[in-house]
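Engineer: File follows, data_26.cif with mmCIF, C-alpha atoms and all ligand atoms:
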data_run
loop_
_atom_site.label_atom_id
_atom_site.label_comp_id
_atom_site.auth_asym_id
_atom_site.auth_seq_id
_atom_site.Cartn_x
_atom_site.Cartn_y
_atom_site.Cartn_z
CA MET Q 768 -167.53 56.01 -183.04
CA ALA Q 769 -169.48 52.91 -182.30
CA GLY Q 770 -169.89 49.84 -180.20
CA VAL Q 771 -170.34 46.37 -181.63
CA GLU Q 772 -173.00 43.84 -180.73
CA PHE Q 773 -173.23 40.10 -181.34
CA LYS Q 774 -176.72 38.68 -180.85
CA GLY Q 775 -177.14 34.91 -180.91
CA VAL Q 776 -174.35 34.55 -183.46
CA TRP Q 777 -173.36 31.15 -184.80
CA LYS Q 778 -170.73 30.42 -187.43
CA ARG Q 779 -170.48 26.98 -188.93
CA PHE Q 780 -167.98 25.74 -191.48
CA GLY Q 781 -169.56 22.48 -192.63
CA ASP Q 782 -169.61 20.32 -189.49
CA VAL Q 783 -167.29 22.63 -187.53
CA VAL Q 784 -168.96 25.07 -185.16
CA ALA Q 785 -166.42 27.90 -185.00
CA VAL Q 786 -168.62 30.29 -182.99
CA GLU Q 787 -171.54 29.05 -180.92
CA ASP Q 788 -174.42 31.28 -179.91
CA LEU Q 789 -172.32 34.35 -179.15
CA THR Q 790 -174.13 37.22 -177.48
CA LEU Q 791 -171.80 40.02 -176.51
CA GLU Q 792 -171.95 43.78 -176.39
CA ILE Q 793 -168.69 45.59 -177.04
CA ILE Q 794 -169.02 49.05 -175.56
CA ASP Q 795 -168.23 52.14 -177.59
CA ARG Q 796 -164.55 53.12 -177.08
CA GLU Q 797 -163.55 50.16 -175.00
CA PHE Q 798 -160.51 47.97 -175.63
CA LEU Q 799 -162.05 44.53 -175.82
CA VAL Q 800 -159.79 41.50 -176.10
CA PHE Q 801 -160.93 38.09 -177.35
CA LEU Q 802 -158.70 35.61 -175.54
CA GLY Q 803 -158.64 31.85 -175.96
CA PRO Q 804 -156.63 28.85 -177.11
CA SER Q 805 -155.83 28.15 -180.74
CA GLY Q 806 -158.87 27.20 -182.80
CA CYS Q 807 -161.45 28.50 -180.30
CA GLY Q 808 -163.07 30.86 -182.80
CA LYS Q 809 -161.48 34.23 -181.94
CA SER Q 810 -160.49 35.16 -185.48
CA THR Q 811 -163.84 34.02 -186.84
CA ALA Q 812 -165.65 36.32 -184.39
CA LEU Q 813 -163.42 39.23 -185.40
CA ARG Q 814 -163.81 38.50 -189.10
CA MET Q 815 -167.58 38.63 -188.70
CA ILE Q 816 -167.24 42.22 -187.43
CA ALA Q 817 -165.05 43.05 -190.41
CA GLY Q 818 -167.45 41.39 -192.82
CA LEU Q 819 -164.88 38.85 -194.00
CA GLU Q 820 -167.20 36.09 -192.74
CA GLU Q 821 -170.99 36.15 -192.54
CA PRO Q 822 -172.77 34.66 -189.50
CA SER Q 823 -174.64 31.40 -190.14
CA GLU Q 824 -177.24 32.65 -187.68
CA GLY Q 825 -177.79 35.76 -185.53
CA THR Q 826 -176.88 39.39 -186.05
CA VAL Q 827 -173.80 41.56 -185.80
CA SER Q 828 -174.33 45.30 -185.31
CA ILE Q 829 -171.91 48.19 -185.48
CA GLY Q 830 -173.32 51.29 -183.84
CA ASP Q 831 -177.07 51.04 -184.34
CA GLU Q 832 -176.80 49.29 -187.67
CA VAL Q 833 -177.15 45.55 -188.29
CA VAL Q 834 -174.26 44.86 -190.65
CA ASN Q 835 -175.13 41.32 -191.79
CA GLY Q 836 -174.67 41.39 -195.55
CA VAL Q 837 -173.00 44.82 -195.57
CA ASP Q 838 -169.88 44.92 -197.72
CA PRO Q 839 -166.66 45.04 -195.63
CA ARG Q 840 -165.71 48.30 -197.30
CA ASP Q 841 -168.92 49.94 -196.14
CA ARG Q 842 -168.54 49.02 -192.47
CA ASP Q 843 -166.12 51.79 -191.56
CA VAL Q 844 -163.84 49.40 -189.69
CA ALA Q 845 -160.14 48.73 -190.17
CA MET Q 846 -158.30 45.51 -189.53
CA VAL Q 847 -154.67 44.63 -188.90
CA PHE Q 848 -153.49 41.04 -189.17
CA GLN Q 849 -150.54 39.10 -187.86
CA SER Q 850 -149.06 39.11 -191.37
CA TYR Q 851 -149.39 42.82 -192.00
CA ALA Q 852 -148.79 42.67 -195.74
CA LEU Q 853 -147.37 46.02 -196.81
CA TYR Q 854 -146.75 46.93 -200.43
CA PRO Q 855 -143.00 46.22 -200.70
CA HIS Q 856 -142.37 48.42 -203.75
CA MET Q 857 -144.03 51.49 -202.22
CA THR Q 858 -142.64 53.93 -199.67
CA VAL Q 859 -144.02 54.10 -196.13
CA TYR Q 860 -145.82 57.30 -197.18
CA LYS Q 861 -147.54 55.56 -200.11
CA ASN Q 862 -148.41 52.55 -197.98
CA ILE Q 863 -150.18 54.72 -195.42
CA GLU Q 864 -151.85 56.78 -198.14
CA ALA Q 865 -153.20 53.75 -200.02
CA PRO Q 866 -156.54 53.41 -198.16
CA LEU Q 867 -157.31 57.07 -198.87
CA LEU Q 868 -157.13 56.41 -202.61
CA THR Q 869 -159.40 53.40 -202.83
CA ARG Q 870 -162.65 55.05 -201.84
CA PRO Q 871 -164.26 58.46 -201.46
CA MET Q 872 -164.42 59.81 -197.94
CA GLU Q 873 -165.82 62.75 -196.08
CA PRO Q 874 -163.53 65.77 -196.68
CA PRO Q 875 -161.95 67.61 -193.73
CA ASP Q 876 -164.43 70.51 -194.04
CA GLY Q 877 -167.45 68.13 -194.01
CA GLY Q 878 -169.88 67.55 -196.85
CA ALA Q 879 -170.52 64.63 -199.17
CA PRO Q 880 -167.80 61.98 -199.52
CA ARG Q 881 -165.44 62.62 -202.41
CA LYS Q 882 -161.91 61.85 -203.50
CA LEU Q 883 -159.51 63.76 -201.27
CA THR Q 884 -156.98 66.10 -202.88
CA LYS Q 885 -153.28 65.34 -202.69
CA GLU Q 886 -152.85 68.02 -200.00
CA GLU Q 887 -155.74 66.70 -197.92
CA ARG Q 888 -154.29 63.22 -198.12
CA ALA Q 889 -150.86 64.52 -197.07
CA VAL Q 890 -152.37 66.00 -193.89
CA LYS Q 891 -153.96 62.67 -192.98
CA VAL Q 892 -150.87 60.60 -193.79
CA LYS Q 893 -148.69 62.90 -191.68
CA GLU Q 894 -151.15 62.77 -188.80
CA ALA Q 895 -151.22 58.98 -188.82
CA ALA Q 896 -147.43 58.80 -189.19
CA ALA Q 897 -146.97 61.20 -186.26
CA ILE Q 898 -149.27 59.15 -184.02
CA LEU Q 899 -147.18 56.04 -184.72
CA GLY Q 900 -143.82 57.86 -184.61
CA LEU Q 901 -143.04 57.19 -188.27
CA GLU Q 902 -142.27 60.70 -189.52
CA ALA Q 903 -138.61 59.87 -190.09
CA TYR Q 904 -139.34 56.82 -192.22
CA LEU Q 905 -141.89 58.11 -194.73
CA ASP Q 906 -139.51 57.87 -197.70
CA ARG Q 907 -138.24 54.39 -196.91
CA LYS Q 908 -139.58 51.16 -198.32
CA PRO Q 909 -140.81 48.43 -195.95
CA GLY Q 910 -137.73 46.29 -196.69
CA ALA Q 911 -135.59 48.93 -194.99
CA LEU Q 912 -137.57 48.84 -191.73
CA SER Q 913 -137.42 46.65 -188.64
CA GLY Q 914 -140.30 44.30 -187.83
CA GLY Q 915 -141.66 46.67 -185.22
CA GLN Q 916 -141.51 49.63 -187.59
CA ARG Q 917 -143.31 47.64 -190.27
CA GLN Q 918 -146.02 46.76 -187.79
CA ARG Q 919 -146.40 50.43 -186.96
CA VAL Q 920 -146.79 51.23 -190.67
CA ALA Q 921 -149.58 48.65 -190.83
CA LEU Q 922 -151.25 50.31 -187.84
CA ALA Q 923 -150.86 53.78 -189.39
CA ARG Q 924 -152.35 52.52 -192.64
CA ALA Q 925 -155.30 51.10 -190.72
CA ILE Q 926 -156.07 54.28 -188.76
CA VAL Q 927 -155.54 56.77 -191.57
CA ARG Q 928 -159.23 56.69 -192.47
CA ARG Q 929 -160.19 57.02 -188.81
CA PRO Q 930 -162.40 53.94 -188.65
CA ARG Q 931 -165.24 53.64 -186.14
CA VAL Q 932 -163.87 50.32 -184.94
CA PHE Q 933 -160.30 49.08 -185.08
CA LEU Q 934 -159.86 45.31 -185.33
CA MET Q 935 -156.58 43.53 -184.66
CA ASP Q 936 -155.83 39.84 -185.03
CA GLU Q 937 -152.67 38.82 -183.12
CA PRO Q 938 -150.81 41.85 -184.46
CA LEU Q 939 -147.78 41.38 -182.21
CA SER Q 940 -147.02 37.72 -182.69
CA ASN Q 941 -144.26 38.36 -185.24
CA LEU Q 942 -142.35 40.64 -182.88
CA ASP Q 943 -139.67 39.60 -180.40
CA ALA Q 944 -140.43 39.72 -176.67
CA LYS Q 945 -138.95 43.15 -175.99
CA LEU Q 946 -140.67 44.78 -178.94
CA ARG Q 947 -143.96 43.11 -178.00
CA THR Q 948 -143.84 44.69 -174.55
CA GLN Q 949 -143.09 48.11 -176.02
CA THR Q 950 -145.75 47.82 -178.73
CA ARG Q 951 -148.34 46.77 -176.13
CA LEU Q 952 -147.83 50.09 -174.37
CA GLU Q 953 -147.98 51.92 -177.70
CA LEU Q 954 -151.26 50.26 -178.62
CA VAL Q 955 -152.88 51.30 -175.35
CA GLU Q 956 -151.58 54.82 -175.93
CA LEU Q 957 -152.95 54.74 -179.49
CA TRP Q 958 -156.33 53.59 -178.19
CA ARG Q 959 -156.44 56.47 -175.69
CA ARG Q 960 -155.53 59.02 -178.33
CA LEU Q 961 -157.93 57.81 -180.99
CA GLY Q 962 -160.90 57.37 -178.67
CA ILE Q 963 -162.37 54.57 -180.79
CA THR Q 964 -163.44 51.01 -180.08
CA PHE Q 965 -160.60 48.48 -180.27
CA VAL Q 966 -161.29 44.77 -180.67
CA TYR Q 967 -158.17 42.69 -180.30
CA VAL Q 968 -157.63 38.96 -180.72
CA THR Q 969 -154.87 37.05 -178.95
CA HIS Q 970 -154.06 33.75 -177.30
CA ASP Q 971 -151.52 35.52 -175.09
CA GLN Q 972 -152.96 36.19 -171.66
CA VAL Q 973 -150.31 38.77 -170.82
CA GLU Q 974 -151.47 40.87 -173.78
CA ALA Q 975 -155.05 40.50 -172.66
CA MET Q 976 -154.34 41.27 -169.02
CA THR Q 977 -152.23 44.34 -169.77
CA MET Q 978 -154.27 45.98 -172.53
CA ALA Q 979 -157.93 45.08 -172.19
CA SER Q 980 -160.67 47.19 -170.68
CA ARG Q 981 -162.57 43.92 -170.71
CA VAL Q 982 -161.57 40.48 -171.84
CA ALA Q 983 -163.89 37.94 -173.47
CA ILE Q 984 -162.57 34.45 -172.84
CA ILE Q 985 -163.56 31.92 -175.48
CA ALA Q 986 -163.17 28.15 -175.54
CA GLU Q 987 -164.47 25.84 -178.25
CA GLY Q 988 -166.51 28.63 -179.82
CA ARG Q 989 -168.29 29.52 -176.60
CA LEU Q 990 -167.96 32.64 -174.49
CA GLN Q 991 -166.75 31.53 -171.05
CA GLN Q 992 -166.49 34.82 -169.20
CA LEU Q 993 -166.56 38.53 -169.93
CA GLY Q 994 -165.12 41.13 -167.59
CA PRO Q 995 -162.22 43.37 -166.62
CA PRO Q 996 -158.95 41.39 -166.49
CA GLN Q 997 -158.64 41.66 -162.72
CA ASP Q 998 -162.17 40.29 -162.18
CA VAL Q 999 -161.52 37.35 -164.44
CA TYR Q 1000 -158.29 36.63 -162.58
CA GLU Q 1001 -159.80 36.94 -159.13
CA ARG Q 1002 -163.16 35.32 -159.77
CA PRO Q 1003 -162.95 32.85 -162.65
CA ALA Q 1004 -166.49 31.82 -163.59
CA ASN Q 1005 -165.62 28.21 -164.35
CA LEU Q 1006 -162.82 25.68 -164.28
CA PHE Q 1007 -161.74 26.42 -167.83
CA VAL Q 1008 -161.09 30.07 -167.02
CA ALA Q 1009 -159.49 29.16 -163.70
CA ARG Q 1010 -156.99 26.89 -165.42
CA PHE Q 1011 -156.46 29.11 -168.46
CA ILE Q 1012 -155.71 32.45 -166.75
CA GLY Q 1013 -152.59 32.78 -164.64
CA SER Q 1014 -149.03 31.61 -165.02
CA PRO Q 1015 -148.06 29.25 -163.57
CA PRO Q 1016 -151.65 28.03 -163.68
CA MET Q 1017 -153.97 27.47 -160.72
CA ASN Q 1018 -153.45 24.32 -158.65
CA THR Q 1019 -156.55 22.16 -158.55
CA PHE Q 1020 -157.61 19.03 -156.72
CA ASP Q 1021 -160.83 17.07 -156.66
CA ALA Q 1022 -162.60 16.66 -153.34
CA VAL Q 1023 -165.92 16.02 -151.69
CA ALA Q 1024 -167.63 18.65 -149.57
CA ARG Q 1025 -168.37 17.43 -146.03
CA PRO Q 1026 -169.89 19.06 -143.01
CA ALA Q 1027 -167.47 19.34 -140.07
CA ALA Q 1028 -167.46 20.95 -136.65
CA GLY Q 1029 -166.24 24.36 -137.81
CA GLY Q 1030 -168.19 24.47 -141.10
CA MET Q 1031 -167.77 22.76 -144.47
CA VAL Q 1032 -164.52 21.10 -145.48
CA ALA Q 1033 -163.19 19.64 -148.69
CA GLN Q 1034 -162.05 16.09 -148.23
CA ALA Q 1035 -159.54 14.63 -150.69
CA GLY Q 1036 -158.33 11.24 -149.51
CA ALA Q 1037 -156.78 11.77 -146.10
CA ALA Q 1038 -156.49 15.53 -146.60
CA VAL Q 1039 -159.15 17.78 -145.13
CA VAL Q 1040 -159.11 21.42 -146.24
CA PRO Q 1041 -161.43 23.88 -144.53
CA LEU Q 1042 -163.70 25.79 -146.93
CA PRO Q 1043 -164.64 29.46 -146.55
CA ALA Q 1044 -167.75 30.07 -144.42
CA GLY Q 1045 -170.98 30.68 -146.31
CA LEU Q 1046 -169.92 28.84 -149.47
CA GLY Q 1047 -172.92 27.39 -151.33
CA VAL Q 1048 -171.83 23.73 -151.28
CA SER Q 1049 -173.96 20.86 -150.06
CA PRO Q 1050 -172.81 17.78 -148.13
CA ASP Q 1051 -171.27 15.12 -150.42
CA GLN Q 1052 -171.10 17.51 -153.39
CA ALA Q 1053 -168.21 16.64 -155.70
CA VAL Q 1054 -166.10 19.77 -156.08
CA THR Q 1055 -162.81 20.87 -157.58
CA VAL Q 1056 -160.84 23.14 -155.30
CA ALA Q 1057 -158.39 25.58 -156.88
CA VAL Q 1058 -155.73 27.86 -155.48
CA ARG Q 1059 -153.20 30.10 -157.20
CA PRO Q 1060 -149.49 29.32 -156.73
CA GLU Q 1061 -149.04 32.58 -154.80
CA HIS Q 1062 -151.76 31.59 -152.33
CA LEU Q 1063 -150.32 28.20 -151.42
CA HIS Q 1064 -147.60 28.07 -148.78
CA ILE Q 1065 -145.27 25.57 -147.18
CA THR Q 1066 -146.13 25.46 -143.46
CA ALA Q 1067 -145.47 23.12 -140.57
CA ASP Q 1068 -149.07 22.00 -140.15
CA GLY Q 1069 -150.80 22.46 -143.53
CA PRO Q 1070 -153.68 20.15 -144.45
CA LEU Q 1071 -152.06 18.87 -147.66
CA ASP Q 1072 -148.79 17.01 -147.95
CA GLY Q 1073 -146.52 16.32 -150.87
CA ILE Q 1074 -142.98 15.60 -152.02
CA VAL Q 1075 -140.75 18.38 -153.34
CA ARG Q 1076 -139.94 17.50 -156.95
CA SER Q 1077 -138.13 20.59 -158.21
CA VAL Q 1078 -137.38 24.22 -157.54
CA GLU Q 1079 -137.27 26.74 -160.38
CA LEU Q 1080 -135.32 29.88 -159.58
CA LEU Q 1081 -136.49 32.92 -161.53
CA GLY Q 1082 -134.42 35.57 -159.79
CA HIS Q 1083 -137.17 37.58 -158.13
CA GLU Q 1084 -139.20 34.53 -157.15
CA GLN Q 1085 -139.06 30.77 -157.08
CA HIS Q 1086 -141.51 28.11 -158.14
CA VAL Q 1087 -141.54 25.00 -156.00
CA ILE Q 1088 -143.09 21.99 -157.69
CA ILE Q 1089 -144.62 19.52 -155.30
CA GLU Q 1090 -146.25 16.18 -155.99
CA VAL Q 1091 -149.47 15.88 -154.04
CA SER Q 1092 -151.32 12.54 -154.42
CA GLY Q 1093 -149.76 11.98 -157.81
CA GLU Q 1094 -150.60 15.47 -159.12
CA LEU Q 1095 -148.14 18.34 -159.43
CA MET Q 1096 -148.80 21.57 -157.58
CA VAL Q 1097 -146.80 24.76 -157.86
CA ILE Q 1098 -145.98 27.20 -155.10
CA ARG Q 1099 -144.78 30.64 -156.02
CA GLN Q 1100 -142.73 32.30 -153.32
CA PRO Q 1101 -140.12 35.02 -152.87
CA SER Q 1102 -136.60 33.85 -153.68
CA GLU Q 1103 -135.57 34.81 -150.12
CA GLU Q 1104 -137.48 31.78 -148.81
CA PRO Q 1105 -135.18 28.85 -148.06
CA ASP Q 1106 -134.97 26.31 -150.92
CA PRO Q 1107 -136.96 23.24 -149.97
CA VAL Q 1108 -134.90 20.07 -150.18
CA LEU Q 1109 -135.72 17.87 -153.19
CA GLY Q 1110 -137.40 14.59 -152.28
CA THR Q 1111 -138.52 15.70 -148.82
CA THR Q 1112 -142.12 15.70 -147.69
CA VAL Q 1113 -143.62 19.09 -146.87
CA ARG Q 1114 -146.99 20.29 -145.69
CA LEU Q 1115 -148.97 22.84 -147.63
CA SER Q 1116 -151.56 25.41 -146.57
CA PRO Q 1117 -153.80 27.20 -149.05
CA GLU Q 1118 -154.97 30.64 -147.92
CA LEU Q 1119 -158.56 30.06 -146.88
CA GLY Q 1120 -159.93 33.29 -148.36
CA ARG Q 1121 -158.20 32.57 -151.67
CA LEU Q 1122 -159.73 29.21 -152.41
CA HIS Q 1123 -161.82 28.88 -155.56
CA VAL Q 1124 -164.39 26.12 -155.52
CA PHE Q 1125 -166.09 24.67 -158.58
CA ASP Q 1126 -168.87 22.16 -158.95
CA GLN Q 1127 -167.23 19.12 -160.51
CA ALA Q 1128 -170.17 18.16 -162.70
CA SER Q 1129 -170.85 21.56 -164.26
CA GLY Q 1130 -167.41 23.15 -163.82
CA LEU Q 1131 -169.15 26.31 -162.59
CA ARG Q 1132 -167.87 28.43 -159.75
CA VAL Q 1133 -169.56 27.93 -156.40
CA GLU Q 1134 -170.11 31.16 -154.51
N1 LIG X 1201 -162.71 28.96 -193.65
C1 LIG X 1201 -162.81 27.94 -192.82
N2 LIG X 1201 -163.23 26.72 -193.22
C2 LIG X 1201 -163.36 25.68 -192.37
N3 LIG X 1201 -163.09 25.76 -191.05
C3 LIG X 1201 -162.66 26.94 -190.58
C4 LIG X 1201 -162.48 28.09 -191.42
N4 LIG X 1201 -162.05 29.11 -190.67
C5 LIG X 1201 -161.95 28.63 -189.42
N5 LIG X 1201 -162.32 27.33 -189.35
C6 LIG X 1201 -162.35 26.49 -188.15
O1 LIG X 1201 -163.09 27.18 -187.16
C7 LIG X 1201 -162.48 27.03 -185.90
C8 LIG X 1201 -162.14 28.39 -185.33
O2 LIG X 1201 -161.13 28.99 -186.12
P1 LIG X 1201 -160.50 30.41 -185.81
O3 LIG X 1201 -159.56 30.73 -186.90
O4 LIG X 1201 -161.60 31.37 -185.55
O5 LIG X 1201 -159.72 30.11 -184.46
P2 LIG X 1201 -158.74 31.04 -183.62
O6 LIG X 1201 -159.29 31.09 -182.25
O7 LIG X 1201 -158.53 32.33 -184.31
O8 LIG X 1201 -157.39 30.20 -183.59
P3 LIG X 1201 -155.84 30.66 -183.69
O9 LIG X 1201 -155.48 31.17 -182.32
O10 LIG X 1201 -155.14 29.40 -184.03
O11 LIG X 1201 -155.75 31.71 -184.75
C9 LIG X 1201 -161.28 26.12 -186.10
O12 LIG X 1201 -161.66 24.82 -185.80
C10 LIG X 1201 -160.97 26.28 -187.58
O13 LIG X 1201 -160.36 25.13 -188.09
MG MG X 1202 -156.87 33.24 -185.21
#
Please, can you express the file's structure as structure tokens?

Structural biologist:
Amino acid sequence: MAGVEFKGVWKRFGDVVAVEDLTLEIIDREFLVFLGPSGCGKSTALRMIAGLEEPSEGTVSIGDEVVNGVDPRDRDVAMVFQSYALYPHMTVYKNIEAPLLTRPMEPPDGGAPRKLTKEERAVKVKEAAAILGLEAYLDRKPGALSGGQRQRVALARAIVRRPRVFLMDEPLSNLDAKLRTQTRLELVELWRRLGITFVYVTHDQVEAMTMASRVAIIAEGRLQQLGPPQDVYERPANLFVARFIGSPPMNTFDAVARPAAGGMVAQAGAAVVPLPAGLGVSPDQAVTVAVRPEHLHITADGPLDGIVRSVELLGHEQHVIIEVSGELMVIRQPSEEPDPVLGTTVRLSPELGRLHVFDQASGLRVE
């Protein structure tokens, strides 16, 4: 068992900076998710843990050991990819057994690493198969399995050696929506049972929100925020995170902070939105105000006004899209609410305590 630590890690490919000055401690036995848009450097960070890429600068440690330069096979980690290449001509049993044959390992009764006997391997294969619910398929070949079953074989093959750290790079992206949901639950269950560190890469925020102990949000090679999913959702550290997390995304508008009778307000054109008391903004500071669709409501006397452009009915809720000063804002409300009439002007009230305010110049959250 082991945590993983990045210290001042850079990875450059020629002129491209894939990972920029990453310092991050992944705690032993946590489920850490790297989340970010395509090309932000998630896979590169993961591959540096696996040893498939070497940092250009900085150190990567697993447990107490700096692993720069250590052969991937000697890192005691396992990795599952999106394209979980199984051996097509071998049975599920043989596929899971394969990693036990490549290298010596510590025998079940302790002692120096050696080649395991056939019986010892059988115990481990059956254990891994049982954990992934594959006992009934051990004699089949991958071609005779569904996509989800194949993915489970890849997971079983990865855990059969009981690695210290389990790395996964978008392992669910080849599965259909229903199977993805189910496999998400299974992965969390697997993590609980194995009691080892999981590091998981995805660009899917639902995966991150539902599985992670902590999520590390990356953009353009830089760590933007690290924290439990709920914290990141409730207190985004900067505008990137605010706009990236949440679906539909946060509504934002640019404004200027002004002192007023009751405290500070955000002024955007003719609209004046009160800001929460005690917020660290100064008069005339350029800010971006953000509010989630569920915290914006149609009211008779709201400070913002806009024209109803469309209503999306989703069964349990509806999304009302409203054009406010040329920008689209989304309101998320229960489907019981009356449908606003397209083309009419409505007034909008953000919930005061739910406003997020960011400094426009730096993009950083203002507390
Ligand atoms: N071997 C390589 N040679 C050159 N550039 C690379 C190499 N590997 C990655 N890059 C570049 O580094 C950046 C980060 O790539 P990476 O694969 O880590 O992104 P990612 O976040 O995993 O994206 P995706 O979600 O699309 O998989 C990209 O700009 C990519 O083009
Ligand atoms: Mg990737």

Engineer: Of the candidates Q:Lys809, Q:Arg870, Q:Arg814, Q:Arg907, which one gets nearest to Q:Met857 if we count only C-alpha atoms?

Structural biologist: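 Among the listed residues, the smallest separation from Q:Met857 belongs to Q:Arg907.
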
Engineer: If you take only C-alpha atoms and all ligand atoms and a cut-off of 12 Å, which residues of chain Q touch ligand MG 1202 (chain X), and what are their nearest atom pairs and distances in Å to one decimal, in chain and number order, as a tab-separated table?

Structural biologist:
residue	atom	partner	partner_atom	distance
Q:Ala785	CA	X:MG1202	MG	10.9
Q:Phe801	CA	X:MG1202	MG	10.1
Q:Leu802	CA	X:MG1202	MG	10.1
Q:Gly803	CA	X:MG1202	MG	9.5
Q:Pro804	CA	X:MG1202	MG	9.2
Q:Ser805	CA	X:MG1202	MG	6.9
Q:Gly806	CA	X:MG1202	MG	6.8
Q:Cys807	CA	X:MG1202	MG	8.2
Q:Gly808	CA	X:MG1202	MG	7.1
Q:Lys809	CA	X:MG1202	MG	5.7
Q:Ser810	CA	X:MG1202	MG	4.1
Q:Thr811	CA	X:MG1202	MG	7.2
Q:Ala812	CA	X:MG1202	MG	9.3
Q:Leu813	CA	X:MG1202	MG	8.9
Q:Arg814	CA	X:MG1202	MG	9.5
Q:Phe848	CA	X:MG1202	MG	9.4
Q:Gln849	CA	X:MG1202	MG	9.0
Q:Ser850	CA	X:MG1202	MG	11.5
Q:Met935	CA	X:MG1202	MG	10.3
Q:Asp936	CA	X:MG1202	MG	6.7
Q:Glu937	CA	X:MG1202	MG	7.3
Q:Pro938	CA	X:MG1202	MG	10.6
Q:Ser940	CA	X:MG1202	MG	11.1
Q:Tyr967	CA	X:MG1202	MG	10.7
Q:Val968	CA	X:MG1202	MG	7.3
Q:Thr969	CA	X:MG1202	MG	7.6
Q:His970	CA	X:MG1202	MG	8.4
Q:Asp971	CA	X:MG1202	MG	11.7
Q:Ile985	CA	X:MG1202	MG	11.9
Q:Gly988	CA	X:MG1202	MG	12.0

Engineer: If we draw a sphere of 10 Å around (-168.5, 13.9, -154.6), which residues have at least one atom in it when counting all atoms listed in the file? Please report them as an MDAnalysis selection string.

Structural biologist: chainID Q and resid 1021:1025 1033:1035 1049:1055 1126:1128

Engineer: Would you mind exporting C-alpha atoms of the selected residues as a PDB file, in the coordinates of the input?

Structural biologist:
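So part-v7.pdb came out as:
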ATOM      1  CA  ASP Q1021    -160.830  17.070-156.660  1.00  0.00           C
ATOM      2  CA  ALA Q1022    -162.600  16.660-153.340  1.00  0.00           C
ATOM      3  CA  VAL Q1023    -165.920  16.020-151.690  1.00  0.00           C
ATOM      4  CA  ALA Q1024    -167.630  18.650-149.570  1.00  0.00           C
ATOM      5  CA  ARG Q1025    -168.370  17.430-146.030  1.00  0.00           C
ATOM      6  CA  ALA Q1033    -163.190  19.640-148.690  1.00  0.00           C
ATOM      7  CA  GLN Q1034    -162.050  16.090-148.230  1.00  0.00           C
ATOM      8  CA  ALA Q1035    -159.540  14.630-150.690  1.00  0.00           C
ATOM      9  CA  SER Q1049    -173.960  20.860-150.060  1.00  0.00           C
ATOM     10  CA  PRO Q1050    -172.810  17.780-148.130  1.00  0.00           C
ATOM     11  CA  ASP Q1051    -171.270  15.120-150.420  1.00  0.00           C
ATOM     12  CA  GLN Q1052    -171.100  17.510-153.390  1.00  0.00           C
ATOM     13  CA  ALA Q1053    -168.210  16.640-155.700  1.00  0.00           C
ATOM     14  CA  VAL Q1054    -166.100  19.770-156.080  1.00  0.00           C
ATOM     15  CA  THR Q1055    -162.810  20.870-157.580  1.00  0.00           C
ATOM     16  CA  ASP Q1126    -168.870  22.160-158.950  1.00  0.00           C
ATOM     17  CA  GLN Q1127    -167.230  19.120-160.510  1.00  0.00           C
ATOM     18  CA  ALA Q1128    -170.170  18.160-162.700  1.00  0.00           C
TER      19      ALA Q1128
END

Engineer: Identify the residues around (-162.1, 40.8, -170.2) within a radius of 6 Å, measuring from all atoms listed in the file in the coordinates stated by the file, and give them as number ranges by chain.

Structural biologist: Q: 981-983, 993-996

Engineer: From the set Q:Gln992, Q:Gly1029, Q:His1123, Q:Leu1081, which residue has the shortest atom-to-atom contact distance to Q:Val800, counting all atoms listed in the file?

Structural biologist: Q:Gln992

Engineer: Under the rule that all atoms listed in the file are counted, which of Q:Leu1095, Q:Val1040, Q:Ala944, Q:Ala923 is the nearest residue to Q:Tyr851?

Structural biologist: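 Nearest to Q:Tyr851: Q:Ala923.
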
Engineer: Of the candidates Q:Ala986, Q:Gly878, Q:Ile1012, Q:Pro866, which shows the shortest atom-to-atom distance to ligand LIG 1201 (chain X), using only C-alpha atoms and all ligand atoms?

Structural biologist: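 Of all the options, Q:Ala986 lies closest to ligand LIG 1201 (chain X).
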
Engineer: I need the residue nearest Q:Val1032 from this list: Q:Val783, Q:Val1113, Q:Leu954, Q:Leu1119. Use all atoms listed in the file for the distance.

Structural biologist: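 Result for the nearest residue to Q:Val1032: Q:Leu1119.
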
Engineer: Can you work out the spacing between atom N5 of ligand LIG 1201 (chain X) and atom CA of Q:Arg1010 in Å, to one decimal?

Structural biologist: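 Separating atom N5 of ligand LIG 1201 (chain X) from atom CA of Q:Arg1010 is a distance of 24.5 Å.
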
Engineer: Do a neighbour search on Q:Ser1092 at 12 Å with only C-alpha atoms, toss out local chain neighbours closer than 3 positions, and write the hits as a count of residues only.

Structural biologist: 15

Engineer: Please provide as a list of chain:residue names all residues within 12 Å of Q:Asp876, with the sequence filter that same-chain residues fewer than 5 positions apart are discarded (counting only C-alpha atoms).

Structural biologist: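 Counting only C-alpha atoms, the residues come to Q:Arg881, Q:Leu883, Q:Glu887.
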
Engineer: To one decimal in Å, tell me the separation between atom CA of Q:Val771 and atom CA of Q:Asp795.

Structural biologist: 7.4 Å

Engineer: Which residues of stretch 895-933 of chain Q come within 9 Å of stretch 826-844 of chain Q, and for each one, what is the closest pair of atoms and their distance in Å to one decimal, counting all atoms listed in the file, sorted by chain and residue number, as CSV?

Structural biologist:
residue,atom,partner,partner_atom,distance
Q:Ala925,CA,Q:Val844,CA,8.8
Q:Arg928,CA,Q:Asp843,CA,8.5
Q:Arg929,CA,Q:Asp843,CA,8.4
Q:Pro930,CA,Q:Val844,CA,4.9
Q:Arg931,CA,Q:Val844,CA,5.7
Q:Val932,CA,Q:Val844,CA,4.8
Q:Phe933,CA,Q:Val844,CA,5.8
